[in-house]
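Chemist: Hey, dropping input_36.cif in here, mmCIF, C-alpha atoms and all ligand atoms:
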```cif
data_model
loop_
_atom_site.label_atom_id
_atom_site.label_comp_id
_atom_site.auth_asym_id
_atom_site.auth_seq_id
_atom_site.Cartn_x
_atom_site.Cartn_y
_atom_site.Cartn_z
CA MET A 1 -37.69 -26.34 13.41
CA CYS A 2 -39.26 -29.36 11.79
CA GLN A 3 -36.56 -31.41 10.05
CA LYS A 4 -38.76 -32.06 7.08
CA ARG A 5 -39.13 -28.33 6.45
CA LYS A 6 -35.37 -27.92 6.26
CA GLY A 7 -35.11 -30.63 3.66
CA ARG A 8 -31.88 -32.02 2.30
CA ALA A 9 -29.52 -29.01 2.32
CA TRP A 10 -30.01 -25.62 3.89
CA ILE A 11 -28.39 -22.30 4.62
CA THR A 12 -28.97 -20.36 7.81
CA ILE A 13 -28.35 -16.62 7.77
CA ASN A 14 -27.67 -14.72 10.97
CA LEU A 15 -28.80 -11.13 10.36
CA GLN A 16 -27.62 -10.04 13.83
CA ASN A 17 -24.09 -10.93 12.78
CA LEU A 18 -24.54 -8.99 9.54
CA LYS A 19 -25.58 -5.97 11.60
CA HIS A 20 -22.60 -6.45 13.87
CA ASN A 21 -20.26 -6.45 10.85
CA VAL A 22 -21.92 -3.36 9.38
CA ASN A 23 -21.40 -1.58 12.70
CA GLU A 24 -17.77 -2.69 12.82
CA PHE A 25 -17.09 -1.29 9.34
CA GLN A 26 -18.87 1.94 10.15
CA ARG A 27 -16.71 2.19 13.27
CA ILE A 28 -13.39 1.83 11.43
CA LEU A 29 -14.30 3.88 8.33
CA PRO A 30 -14.07 7.68 8.37
CA LYS A 31 -17.38 9.14 9.59
CA GLU A 32 -18.33 10.58 6.19
CA CYS A 33 -17.60 7.40 4.25
CA ARG A 34 -20.68 5.35 3.41
CA LEU A 35 -20.78 1.61 2.98
CA MET A 36 -21.71 0.46 -0.51
CA PRO A 37 -22.06 -3.29 0.11
CA ALA A 38 -21.30 -5.67 -2.73
CA VAL A 39 -24.43 -7.81 -3.03
CA LYS A 40 -23.42 -9.42 -6.32
CA ALA A 41 -23.64 -13.19 -6.87
CA ASN A 42 -26.78 -13.42 -4.74
CA ALA A 43 -25.00 -11.48 -1.97
CA TYR A 44 -22.13 -13.98 -2.00
CA GLY A 45 -24.63 -16.83 -1.68
CA HIS A 46 -26.48 -15.20 1.25
CA GLY A 47 -29.60 -14.23 -0.73
CA ALA A 48 -29.50 -10.77 -2.36
CA GLY A 49 -33.13 -9.83 -1.74
CA ILE A 50 -33.17 -10.42 1.99
CA ILE A 51 -29.62 -9.20 2.57
CA GLY A 52 -30.40 -6.04 0.57
CA LYS A 53 -33.55 -5.45 2.59
CA ALA A 54 -31.73 -6.10 5.89
CA LEU A 55 -28.97 -3.67 4.92
CA TRP A 56 -31.58 -1.13 3.89
CA ASP A 57 -33.18 -1.43 7.33
CA MET A 58 -29.74 -0.74 8.82
CA GLY A 59 -29.62 2.55 6.92
CA ILE A 60 -27.57 1.48 3.90
CA ARG A 61 -28.67 3.31 0.74
CA ASP A 62 -25.99 2.37 -1.80
CA PHE A 63 -25.31 -1.06 -3.24
CA CYS A 64 -23.11 -2.57 -5.92
CA VAL A 65 -23.76 -5.61 -8.11
CA ALA A 66 -22.04 -7.24 -11.07
CA SER A 67 -24.75 -7.15 -13.73
CA ALA A 68 -27.91 -5.37 -14.87
CA GLN A 69 -29.92 -8.48 -14.06
CA GLU A 70 -28.67 -8.49 -10.47
CA GLY A 71 -29.54 -4.80 -10.26
CA ALA A 72 -33.04 -5.44 -11.63
CA GLU A 73 -33.59 -8.26 -9.13
CA LEU A 74 -32.55 -5.99 -6.27
CA ARG A 75 -35.04 -3.34 -7.44
CA GLU A 76 -37.76 -5.99 -7.74
CA SER A 77 -37.12 -6.89 -4.10
CA GLY A 78 -37.87 -3.31 -3.11
CA ILE A 79 -34.49 -1.56 -2.87
CA THR A 80 -34.84 2.07 -3.95
CA GLY A 81 -31.35 3.47 -3.24
CA GLN A 82 -28.41 3.73 -5.60
CA ILE A 83 -27.44 0.49 -7.35
CA LEU A 84 -24.12 0.55 -9.16
CA ILE A 85 -23.31 -2.10 -11.76
CA LEU A 86 -19.60 -2.78 -11.47
CA GLY A 87 -19.40 -4.83 -14.66
CA TYR A 88 -20.12 -4.44 -18.35
CA THR A 89 -23.70 -4.24 -19.56
CA PRO A 90 -24.24 -5.02 -23.26
CA ALA A 91 -26.00 -2.41 -25.38
CA CYS A 92 -29.07 -4.62 -25.79
CA GLN A 93 -29.68 -4.18 -22.04
CA PHE A 94 -29.33 -0.38 -21.86
CA GLU A 95 -33.13 -0.17 -21.73
CA GLU A 96 -33.02 -2.10 -18.42
CA LEU A 97 -30.56 0.39 -16.96
CA LYS A 98 -33.14 3.09 -17.54
CA ARG A 99 -36.16 1.06 -16.48
CA TYR A 100 -34.62 -0.02 -13.18
CA GLU A 101 -32.78 3.25 -12.56
CA LEU A 102 -29.41 1.56 -12.33
CA THR A 103 -26.06 3.33 -12.32
CA GLN A 104 -23.68 1.86 -14.88
CA THR A 105 -19.88 1.77 -14.74
CA ALA A 106 -18.28 3.44 -17.74
CA VAL A 107 -15.69 0.72 -18.22
CA ASP A 108 -13.67 2.87 -20.65
CA TYR A 109 -14.10 5.79 -23.04
CA GLU A 110 -15.17 3.65 -26.01
CA TYR A 111 -17.92 2.07 -23.91
CA ALA A 112 -18.94 5.47 -22.53
CA LYS A 113 -19.56 6.64 -26.12
CA GLU A 114 -21.75 3.58 -26.69
CA LEU A 115 -23.76 4.35 -23.55
CA ASN A 116 -24.06 7.95 -24.66
CA ALA A 117 -25.41 6.85 -28.06
CA PHE A 118 -28.35 5.18 -26.32
CA GLY A 119 -29.75 8.70 -26.33
CA GLU A 120 -31.22 8.88 -22.85
CA ILE A 121 -29.68 10.37 -19.73
CA LEU A 122 -27.86 7.66 -17.76
CA PRO A 123 -26.04 8.02 -14.44
CA VAL A 124 -22.54 6.50 -14.57
CA HIS A 125 -19.54 5.97 -12.38
CA VAL A 126 -16.30 6.26 -14.33
CA GLY A 127 -14.06 3.24 -13.81
CA ILE A 128 -10.36 4.00 -13.82
CA ASP A 129 -7.69 1.37 -14.27
CA THR A 130 -4.89 2.31 -11.89
CA GLY A 131 -3.01 -0.95 -12.33
CA MET A 132 -5.23 -3.99 -12.02
CA HIS A 133 -5.67 -4.01 -15.79
CA ARG A 134 -9.19 -5.30 -15.65
CA LEU A 135 -12.05 -2.79 -16.21
CA GLY A 136 -11.61 0.97 -16.30
CA GLU A 137 -10.05 3.48 -18.65
CA ARG A 138 -6.27 3.39 -18.31
CA SER A 139 -5.19 6.02 -15.83
CA ASP A 140 -2.46 7.23 -18.18
CA SER A 141 -5.09 7.96 -20.87
CA ARG A 142 -6.08 11.16 -19.10
CA GLU A 143 -7.67 12.74 -22.16
CA ASN A 144 -10.00 9.77 -22.61
CA ILE A 145 -11.02 10.01 -18.97
CA PHE A 146 -11.72 13.75 -19.19
CA LYS A 147 -13.66 13.33 -22.44
CA ILE A 148 -16.25 11.14 -20.69
CA TRP A 149 -17.57 14.32 -19.01
CA GLU A 150 -18.24 15.82 -22.45
CA LEU A 151 -20.71 13.09 -23.41
CA GLU A 152 -24.04 14.90 -23.17
CA ASN A 153 -26.21 11.93 -22.13
CA LEU A 154 -23.99 10.72 -19.32
CA GLU A 155 -24.36 12.09 -15.84
CA VAL A 156 -21.12 11.24 -14.03
CA THR A 157 -22.03 10.71 -10.37
CA GLY A 158 -18.96 8.72 -9.34
CA VAL A 159 -15.33 7.91 -10.10
CA PHE A 160 -13.68 4.76 -8.86
CA SER A 161 -10.84 2.31 -9.20
CA HIS A 162 -10.10 -1.13 -7.79
CA LEU A 163 -7.08 -2.35 -5.82
CA CYS A 164 -5.62 -5.68 -6.91
CA ALA A 165 -3.16 -6.45 -4.12
CA SER A 166 -4.66 -4.82 -1.01
CA ASP A 167 -4.84 -8.24 0.70
CA GLY A 168 -1.10 -8.70 0.26
CA THR A 169 1.51 -8.31 2.95
CA THR A 170 4.68 -8.45 0.87
CA ARG A 171 6.61 -5.24 0.23
CA GLU A 172 5.87 -5.52 -3.48
CA GLU A 173 2.13 -5.79 -2.90
CA LYS A 174 2.08 -2.91 -0.43
CA GLU A 175 4.08 -0.68 -2.73
CA TYR A 176 1.86 -1.54 -5.65
CA THR A 177 -1.25 -0.73 -3.60
CA LEU A 178 0.18 2.61 -2.49
CA LYS A 179 1.01 3.37 -6.11
CA GLN A 180 -2.60 2.67 -7.12
CA ILE A 181 -3.93 4.83 -4.27
CA LYS A 182 -1.64 7.71 -5.26
CA GLU A 183 -2.58 7.45 -8.91
CA PHE A 184 -6.30 7.45 -8.09
CA ASP A 185 -5.94 10.46 -5.78
CA ARG A 186 -4.00 12.35 -8.44
CA ILE A 187 -6.70 11.80 -11.05
CA VAL A 188 -9.43 12.90 -8.66
CA GLU A 189 -7.47 16.09 -7.95
CA GLU A 190 -6.98 16.75 -11.64
CA LEU A 191 -10.72 16.37 -12.18
CA TRP A 192 -11.39 18.79 -9.34
CA GLY A 193 -8.83 21.12 -10.89
CA ARG A 194 -10.90 21.15 -14.06
CA GLY A 195 -13.95 22.19 -12.11
CA LEU A 196 -15.45 18.69 -12.20
CA CYS A 197 -16.45 18.19 -8.58
CA ASP A 198 -19.92 16.77 -8.61
CA PHE A 199 -19.04 13.10 -8.20
CA LYS A 200 -18.41 10.60 -5.42
CA THR A 201 -15.18 8.62 -5.10
CA HIS A 202 -14.50 5.04 -4.05
CA LEU A 203 -11.54 2.72 -4.19
CA GLN A 204 -11.56 0.13 -1.42
CA GLY A 205 -13.11 -3.32 -1.25
CA SER A 206 -12.95 -5.39 1.96
CA TYR A 207 -9.17 -5.69 2.11
CA GLY A 208 -8.72 -2.09 1.01
CA VAL A 209 -10.62 -1.03 4.13
CA LEU A 210 -9.15 -3.66 6.45
CA ASN A 211 -5.55 -2.98 5.46
CA TYR A 212 -5.77 0.73 4.57
CA PRO A 213 -8.48 1.98 6.94
CA GLY A 214 -7.26 5.57 7.04
CA LEU A 215 -8.09 6.41 3.41
CA PHE A 216 -10.79 8.96 2.81
CA TYR A 217 -13.36 8.34 0.08
CA ASP A 218 -17.13 8.72 -0.21
CA TYR A 219 -17.93 5.01 -0.39
CA ALA A 220 -16.36 1.67 0.51
CA ARG A 221 -17.42 -1.28 -1.66
CA VAL A 222 -17.25 -3.97 0.98
CA GLY A 223 -18.20 -7.53 0.08
CA ILE A 224 -16.68 -10.64 1.60
CA ALA A 225 -15.79 -9.15 5.00
CA LEU A 226 -19.28 -7.76 5.51
CA TYR A 227 -20.41 -11.38 5.52
CA GLY A 228 -17.94 -11.95 8.34
CA VAL A 229 -15.51 -13.94 6.23
CA LEU A 230 -11.97 -13.39 4.94
CA SER A 231 -10.71 -14.91 1.73
CA SER A 232 -8.21 -17.32 3.32
CA PRO A 233 -7.68 -18.55 6.90
CA GLY A 234 -4.20 -17.09 7.34
CA ASP A 235 -4.94 -13.59 6.06
CA GLN A 236 -3.39 -10.84 8.15
CA ILE A 237 -5.28 -7.57 8.40
CA ALA A 238 -4.17 -4.21 9.78
CA ALA A 239 -7.46 -2.93 11.22
CA GLU A 240 -8.72 -4.11 14.59
CA VAL A 241 -12.16 -5.49 13.89
CA SER A 242 -14.22 -8.39 15.07
CA LEU A 243 -16.18 -9.95 12.24
CA LYS A 244 -18.82 -12.62 12.73
CA PRO A 245 -19.75 -15.11 10.02
CA VAL A 246 -23.28 -14.61 8.73
CA LEU A 247 -23.84 -17.88 6.89
CA SER A 248 -23.88 -21.51 7.90
CA LEU A 249 -24.41 -24.46 5.60
CA SER A 250 -25.89 -27.81 6.58
CA ALA A 251 -27.20 -30.98 5.03
CA ARG A 252 -28.60 -34.21 6.33
CA LEU A 253 -27.21 -37.63 7.09
CA VAL A 254 -29.55 -39.81 5.06
CA CYS A 255 -28.02 -43.25 5.34
CA VAL A 256 -25.50 -44.96 7.64
CA LYS A 257 -23.80 -48.25 6.74
CA GLU A 258 -21.01 -50.60 7.76
CA LEU A 259 -18.06 -51.20 5.47
CA HIS A 260 -15.49 -54.00 5.53
CA GLU A 261 -11.77 -53.73 4.90
CA GLY A 262 -10.94 -53.27 1.22
CA GLU A 263 -14.36 -52.05 0.13
CA PRO A 264 -14.33 -48.85 -1.94
CA VAL A 265 -16.53 -45.77 -1.59
CA GLY A 266 -18.06 -43.79 -4.42
CA TYR A 267 -17.19 -43.10 -8.04
CA GLY A 268 -13.77 -44.11 -9.29
CA LEU A 269 -12.89 -46.25 -6.23
CA SER A 270 -10.88 -43.30 -4.88
CA PHE A 271 -11.29 -44.38 -1.23
CA THR A 272 -10.90 -47.86 0.19
CA ALA A 273 -11.90 -48.83 3.73
CA PRO A 274 -8.68 -49.57 5.69
CA GLY A 275 -10.66 -51.83 8.04
CA GLU A 276 -14.13 -52.17 9.52
CA MET A 277 -15.74 -48.75 9.43
CA LYS A 278 -19.03 -46.91 9.45
CA ILE A 279 -19.85 -44.41 6.75
CA GLY A 280 -22.66 -41.92 6.26
CA VAL A 281 -24.26 -40.62 3.08
CA VAL A 282 -25.00 -36.88 3.14
CA SER A 283 -27.56 -35.09 0.99
CA ILE A 284 -25.38 -32.40 -0.55
CA GLY A 285 -23.04 -32.40 -3.51
CA TYR A 286 -21.22 -30.28 -6.04
CA ALA A 287 -24.47 -29.10 -7.63
CA ASP A 288 -25.18 -27.46 -4.28
CA GLY A 289 -21.86 -25.66 -4.45
CA LEU A 290 -19.56 -27.96 -2.49
CA PRO A 291 -16.66 -28.32 -4.92
CA ARG A 292 -15.54 -31.71 -6.11
CA GLU A 293 -12.04 -30.74 -4.98
CA LEU A 294 -13.25 -31.62 -1.47
CA SER A 295 -13.20 -35.30 -2.47
CA ASN A 296 -11.09 -37.12 0.15
CA GLN A 297 -10.09 -33.66 1.48
CA GLY A 298 -12.99 -31.90 3.14
CA HIS A 299 -14.55 -32.12 6.58
CA ALA A 300 -17.92 -31.65 8.24
CA LEU A 301 -19.36 -31.68 11.75
CA ILE A 302 -21.88 -34.16 13.12
CA ASN A 303 -23.09 -33.95 16.73
CA GLY A 304 -20.02 -31.90 17.68
CA LYS A 305 -17.52 -34.28 16.02
CA LYS A 306 -15.37 -33.56 13.01
CA VAL A 307 -15.73 -36.10 10.22
CA SER A 308 -13.86 -36.52 6.92
CA ILE A 309 -15.32 -36.58 3.43
CA ILE A 310 -14.34 -39.92 1.87
CA GLY A 311 -14.50 -40.78 -1.80
CA ARG A 312 -15.49 -38.38 -4.54
CA VAL A 313 -18.07 -35.68 -3.97
CA CYS A 314 -21.03 -36.53 -6.24
CA MET A 315 -23.47 -34.11 -7.83
CA ASP A 316 -26.12 -34.48 -5.12
CA GLN A 317 -24.46 -36.51 -2.37
CA LEU A 318 -21.22 -37.25 -0.63
CA MET A 319 -19.96 -39.77 1.90
CA VAL A 320 -18.30 -39.19 5.27
CA ASP A 321 -16.53 -41.41 7.77
CA VAL A 322 -18.77 -41.61 10.85
CA SER A 323 -16.87 -44.41 12.61
CA GLU A 324 -16.06 -42.04 15.51
CA VAL A 325 -19.51 -40.48 15.83
CA LYS A 326 -21.42 -42.40 18.47
CA GLY A 327 -25.06 -42.82 17.61
CA ALA A 328 -24.78 -41.19 14.19
CA ALA A 329 -28.19 -41.74 12.67
CA CYS A 330 -30.27 -41.03 9.64
CA GLY A 331 -31.69 -37.51 9.93
CA ASP A 332 -28.74 -35.98 11.81
CA GLU A 333 -27.59 -32.53 10.78
CA VAL A 334 -24.23 -32.41 8.99
CA ILE A 335 -22.59 -28.98 9.15
CA PHE A 336 -20.15 -27.89 6.46
CA ILE A 337 -19.88 -24.24 7.45
CA GLY A 338 -20.76 -23.32 11.01
CA LYS A 339 -20.65 -24.54 14.60
CA SER A 340 -21.51 -27.83 16.24
CA GLY A 341 -20.77 -28.22 19.95
CA ASP A 342 -17.24 -26.93 20.53
CA GLU A 343 -16.23 -27.45 16.92
CA MET A 344 -16.47 -24.96 14.09
CA ILE A 345 -15.67 -24.97 10.38
CA LYS A 346 -15.23 -21.57 8.80
CA ALA A 347 -15.93 -20.84 5.14
CA GLU A 348 -12.24 -19.90 4.86
CA GLU A 349 -11.20 -23.38 6.02
CA LEU A 350 -13.57 -25.22 3.72
CA ALA A 351 -12.29 -23.04 0.86
CA GLN A 352 -8.69 -23.84 1.69
CA GLU A 353 -9.42 -27.57 1.67
CA ALA A 354 -10.95 -27.10 -1.78
CA GLY A 355 -7.90 -25.15 -2.95
CA THR A 356 -9.74 -21.86 -3.39
CA ILE A 357 -10.87 -18.74 -1.51
CA ALA A 358 -14.03 -18.28 0.55
CA ASN A 359 -15.35 -15.77 -2.00
CA GLU A 360 -15.61 -18.51 -4.63
CA ILE A 361 -17.22 -21.00 -2.24
CA LEU A 362 -19.84 -18.58 -0.94
CA SER A 363 -20.74 -17.15 -4.33
CA GLY A 364 -21.26 -20.68 -5.63
CA ILE A 365 -23.40 -22.20 -2.91
CA GLY A 366 -27.10 -22.22 -2.34
CA ARG A 367 -28.37 -22.77 -5.85
CA ARG A 368 -30.50 -25.63 -4.55
CA ALA A 369 -30.58 -25.04 -0.80
CA LEU A 370 -33.41 -23.72 1.34
CA TYR A 371 -32.69 -20.48 3.16
CA PHE A 372 -33.59 -19.67 6.76
CA TYR A 373 -33.26 -16.16 8.14
C1 LIG B 1 -16.53 -7.73 -5.91
C2 LIG B 1 -15.98 -6.35 -5.89
C3 LIG B 1 -15.84 -5.66 -4.68
C4 LIG B 1 -16.04 -6.32 -3.33
O1 LIG B 1 -14.90 -7.08 -3.06
P1 LIG B 1 -14.65 -7.82 -1.65
O2 LIG B 1 -13.22 -8.20 -1.72
O3 LIG B 1 -15.56 -8.99 -1.62
O4 LIG B 1 -14.93 -6.85 -0.58
C5 LIG B 1 -15.42 -4.36 -4.73
N1 LIG B 1 -15.14 -3.75 -5.92
C6 LIG B 1 -15.25 -4.39 -7.09
C7 LIG B 1 -14.93 -3.67 -8.35
C8 LIG B 1 -15.66 -5.70 -7.12
O5 LIG B 1 -15.74 -6.34 -8.29
#
```
Now that the file is in, can you turn its structure into C-alpha cells?
Modeler:
Amino acid sequence: MCQKRKGRAWITINLQNLKHNVNEFQRILPKECRLMPAVKANAYGHGAGIIGKALWDMGIRDFCVASAQEGAELRESGITGQILILGYTPACQFEELKRYELTQTAVDYEYAKELNAFGEILPVHVGIDTGMHRLGERSDSRENIFKIWELENLEVTGVFSHLCASDGTTREEKEYTLKQIKEFDRIVEELWGRGLCDFKTHLQGSYGVLNYPGLFYDYARVGIALYGVLSSPGDQIAAEVSLKPVLSLSARLVCVKELHEGEPVGYGLSFTAPGEMKIGVVSIGYADGLPRELSNQGHALINGKKVSIIGRVCMDQLMVDVSEVKGAACGDEVIFIGKSGDEMIKAEELAQEAGTIANEILSGIGRRALYFY
C-alpha cells in the first residue's frame, strides 16, 4: 500500500476477525438466540456502514444503535433488517422513525404515550428498568408496563432490559445481576400470562453473554466483544471463547530530532530530556481520538519496538522517545493499537493507560482517520 494513500493516521479493519468473533458468539449462544450487534458510535469506531454490511453478509439481520440518526445512516448504507434504537428519540424526529422504518425503544410509559400520539403505527421494544436505573420503565411499575400494550399506535415487537454489573466478579455484582435476570424473567412470564406473547426478548450485552452464557433469550445485543475487545485488560470471563481484535490504529513518524539534556518537549514543559536522546513527532493527536490522558503515559510500536509517549498529547500530534529504535525515520508506521513484530498493544491496554475502558477509546477514534478494510 502506497504510504501517501494512507496519509497521516489510519485505521485498518480485519473483517476475517469480525467473522471469527461472530462465529464464536454464535457457538456459545443458544442455537435459537440471534445476535443483534451494537453498531452505535460508528460501530465503536470501526465504521458503521461497512461493519453493518459485513455483518449482513454473515447473515445478521438485527442491529441496535443509539440514535435515530445512526439508524438512518445504517439504512442509507443499505441495511434492510431490523434496526432498534436503544436510546431516546425526541418527538421532532418521530417522522424519521417512520421514514427509515426504525424500531424505537419505549423508554418508559410517559414516553410511550408521546410516541403513540404521533398517530402512526410504530414498532417499539419496551425497555424495562430492572435495576440499572437508566432507561426503561421501572420494573415495579407493572401497571405502567402493561398499559404500553394498550396504546393503539404502538406495535410492541420486543421487551428488554440491561444488566449493569454483568462484567463484575464480586459476590455483590453477581447477586445483583442474578436479581436483574430473575426480575426480567418474571415480567416476561407475567406478560405471557396476560396473553401478550408476540414479542422478542433480550437482556445481555457482551459481558452478559460472556459471563452468563446459559441464559435463553431471542437476541443478544453484543457490542465491544464482537470487535474482539474487552473493556479492561484484566477482565475475567466465564465463557470459553477466543476473540480476535478487529481494529488497528496507526499514524506516521513525520520528524525525528536529537534532544540535549534538560530540553523540554511539548506544551507545558511536562517532559524534560534526562540526557542526550532522540525523539519522534507522530501525526496523530487527541482530535483523532487518542486521549490527552496518554501524555507521558501511553506507548506505541515502531519497527517492532515499544516506545513511550513523552510530553503532552497535542490536538494533531504527539511526541515519542525513539532513542532505542535503530534507524527510526520519517515515514515509519507508528502503531497505537495492533501488532508490530513480536510486540502488540491491545485497545484494552491503551485504554488502561488513559485511565478509561476500551469502549470509550474505540467509540472516540477515527473521526479524522482514513479507513482500510
Ligand atoms: C451499548 C449497549 C449494548 C452493547 O454493550 P457492549 O457491552 O458493548 O456489548 C447493549 N445494550 C445496551 C442497552 C447498550 O446501550
Chemist: For range 113-130 of chain A, work out the shell of residues within 9 Å, counting only C-alpha atoms and skipping chain neighbours fewer than 2 positions away, then give it as JSON, numbers by chain.
Modeler: {"A": [84, 85, 86, 91, 94, 95, 97, 98, 101, 102, 103, 104, 105, 106, 107, 108, 109, 110, 111, 132, 133, 134, 135, 136, 137, 138, 139, 140, 145, 148, 151, 152, 153, 154, 155, 156, 157, 158, 159, 160, 161, 162, 163, 179, 180, 181, 183, 184, 199, 200, 201]}
Chemist: Could you check how far CA of Ala43 in chain A sits from CA of Glu70 in chain A, in Å to one decimal?
Modeler: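 Computed distance, CA of Ala43 in chain A to CA of Glu70 in chain A, equals 9.7 Å.
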Chemist: Could you report the residues within 6 Å of ligand LIG 1 (chain B), using only C-alpha atoms and all ligand atoms, as a list of chain:residue names?
Modeler: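 The neighbouring residues of ligand LIG 1 (chain B) are, in order, A:Ala38, A:Leu86, A:His162, A:Gly205, A:Ser206, A:Arg221, A:Val222, A:Gly223, A:Ile224.
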Chemist: Hey, can you pull every residue with an atom no more than 7 Å from (-24.7, -25.9, 5.6), using all atoms listed in the file, and send it as a VMD selection string?
Modeler: chain A and resid 9 to 11 248 to 251 335 to 337
Chemist: Using C-alpha atoms, can you write the selected residues to a file as a CSV table (one decimal), keeping the file's coordinate frame?
Modeler:
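For reference, part_18.csv as written:
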```csv
chain,number,residue,atom,x,y,z
A,9,ALA,CA,-29.5,-29.0,2.3
A,10,TRP,CA,-30.0,-25.6,3.9
A,11,ILE,CA,-28.4,-22.3,4.6
A,248,SER,CA,-23.9,-21.5,7.9
A,249,LEU,CA,-24.4,-24.5,5.6
A,250,SER,CA,-25.9,-27.8,6.6
A,251,ALA,CA,-27.2,-31.0,5.0
A,335,ILE,CA,-22.6,-29.0,9.2
A,336,PHE,CA,-20.2,-27.9,6.5
A,337,ILE,CA,-19.9,-24.2,7.4
```
Chemist: Around (-12.8, -45.9, 14.6) in the file's own coordinates, what residues are found within 8 Å if you use all atoms listed in the file, given back as a list of chain:residue names?
Modeler: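 All residues meeting the 8 Å criterion around (-12.8, -45.9, 14.6) are A:Met277, A:Ser323, A:Glu324.
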Chemist: Can you write just those residues out, C-alpha atoms, as a CSV table (one decimal), in the coordinates of the input?
Modeler:
```
chain,number,residue,atom,x,y,z
A,277,MET,CA,-15.7,-48.8,9.4
A,323,SER,CA,-16.9,-44.4,12.6
A,324,GLU,CA,-16.1,-42.0,15.5
```
Chemist: For Leu318 in chain A, find every residue with an atom within 9 Å (counting all atoms listed in the file), except residues of its own chain fewer than 6 positions away, and show them as a list in words.
Modeler: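 Residues meeting the cut-off are Gly266, Gly280, Val281, Val282, Ser283, Ile284, Gly285, Tyr286, Ser295, Ile309, Ile310, Gly311 and Arg312 of chain A.
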Chemist: Please complete range 242-247 of chain A with all heavy atoms and give it back as a CSV table (one decimal), in the coordinates of the input.
Modeler:
```csv
chain,number,residue,atom,x,y,z
A,242,SER,N,-13.7,-7.0,14.8
A,242,SER,CA,-14.2,-8.4,15.1
A,242,SER,C,-15.3,-8.6,14.1
A,242,SER,O,-16.3,-7.9,14.0
A,242,SER,CB,-14.7,-8.5,16.5
A,242,SER,OG,-16.1,-8.4,16.6
A,243,LEU,N,-15.2,-9.6,13.2
A,243,LEU,CA,-16.2,-10.0,12.2
A,243,LEU,C,-16.8,-11.3,12.6
A,243,LEU,O,-16.1,-12.2,13.0
A,243,LEU,CB,-15.5,-10.0,10.9
A,243,LEU,CG,-14.9,-8.7,10.4
A,243,LEU,CD1,-14.1,-8.9,9.1
A,243,LEU,CD2,-15.9,-7.6,10.2
A,244,LYS,N,-18.1,-11.4,12.4
A,244,LYS,CA,-18.8,-12.6,12.7
A,244,LYS,C,-19.4,-13.2,11.5
A,244,LYS,O,-20.2,-12.5,10.8
A,244,LYS,CB,-19.9,-12.3,13.8
A,244,LYS,CG,-19.4,-11.8,15.1
A,244,LYS,CD,-20.5,-11.6,16.1
A,244,LYS,CE,-20.0,-11.1,17.4
A,244,LYS,NZ,-21.1,-10.8,18.3
A,245,PRO,N,-19.2,-14.5,11.2
A,245,PRO,CA,-19.8,-15.1,10.0
A,245,PRO,C,-21.3,-15.1,10.0
A,245,PRO,O,-21.9,-15.3,11.0
A,245,PRO,CB,-19.2,-16.5,10.1
A,245,PRO,CG,-18.6,-16.7,11.4
A,245,PRO,CD,-18.4,-15.4,12.0
A,246,VAL,N,-21.8,-14.8,8.9
A,246,VAL,CA,-23.3,-14.6,8.7
A,246,VAL,C,-24.0,-15.9,8.3
A,246,VAL,O,-25.1,-16.2,8.6
A,246,VAL,CB,-23.6,-13.5,7.7
A,246,VAL,CG1,-25.1,-13.3,7.4
A,246,VAL,CG2,-23.0,-12.1,8.2
A,247,LEU,N,-23.2,-16.7,7.5
A,247,LEU,CA,-23.8,-17.9,6.9
A,247,LEU,C,-23.4,-19.2,7.5
A,247,LEU,O,-22.2,-19.4,7.8
A,247,LEU,CB,-23.5,-17.9,5.4
A,247,LEU,CG,-23.9,-19.0,4.5
A,247,LEU,CD1,-24.3,-18.5,3.1
A,247,LEU,CD2,-22.9,-20.1,4.4
```
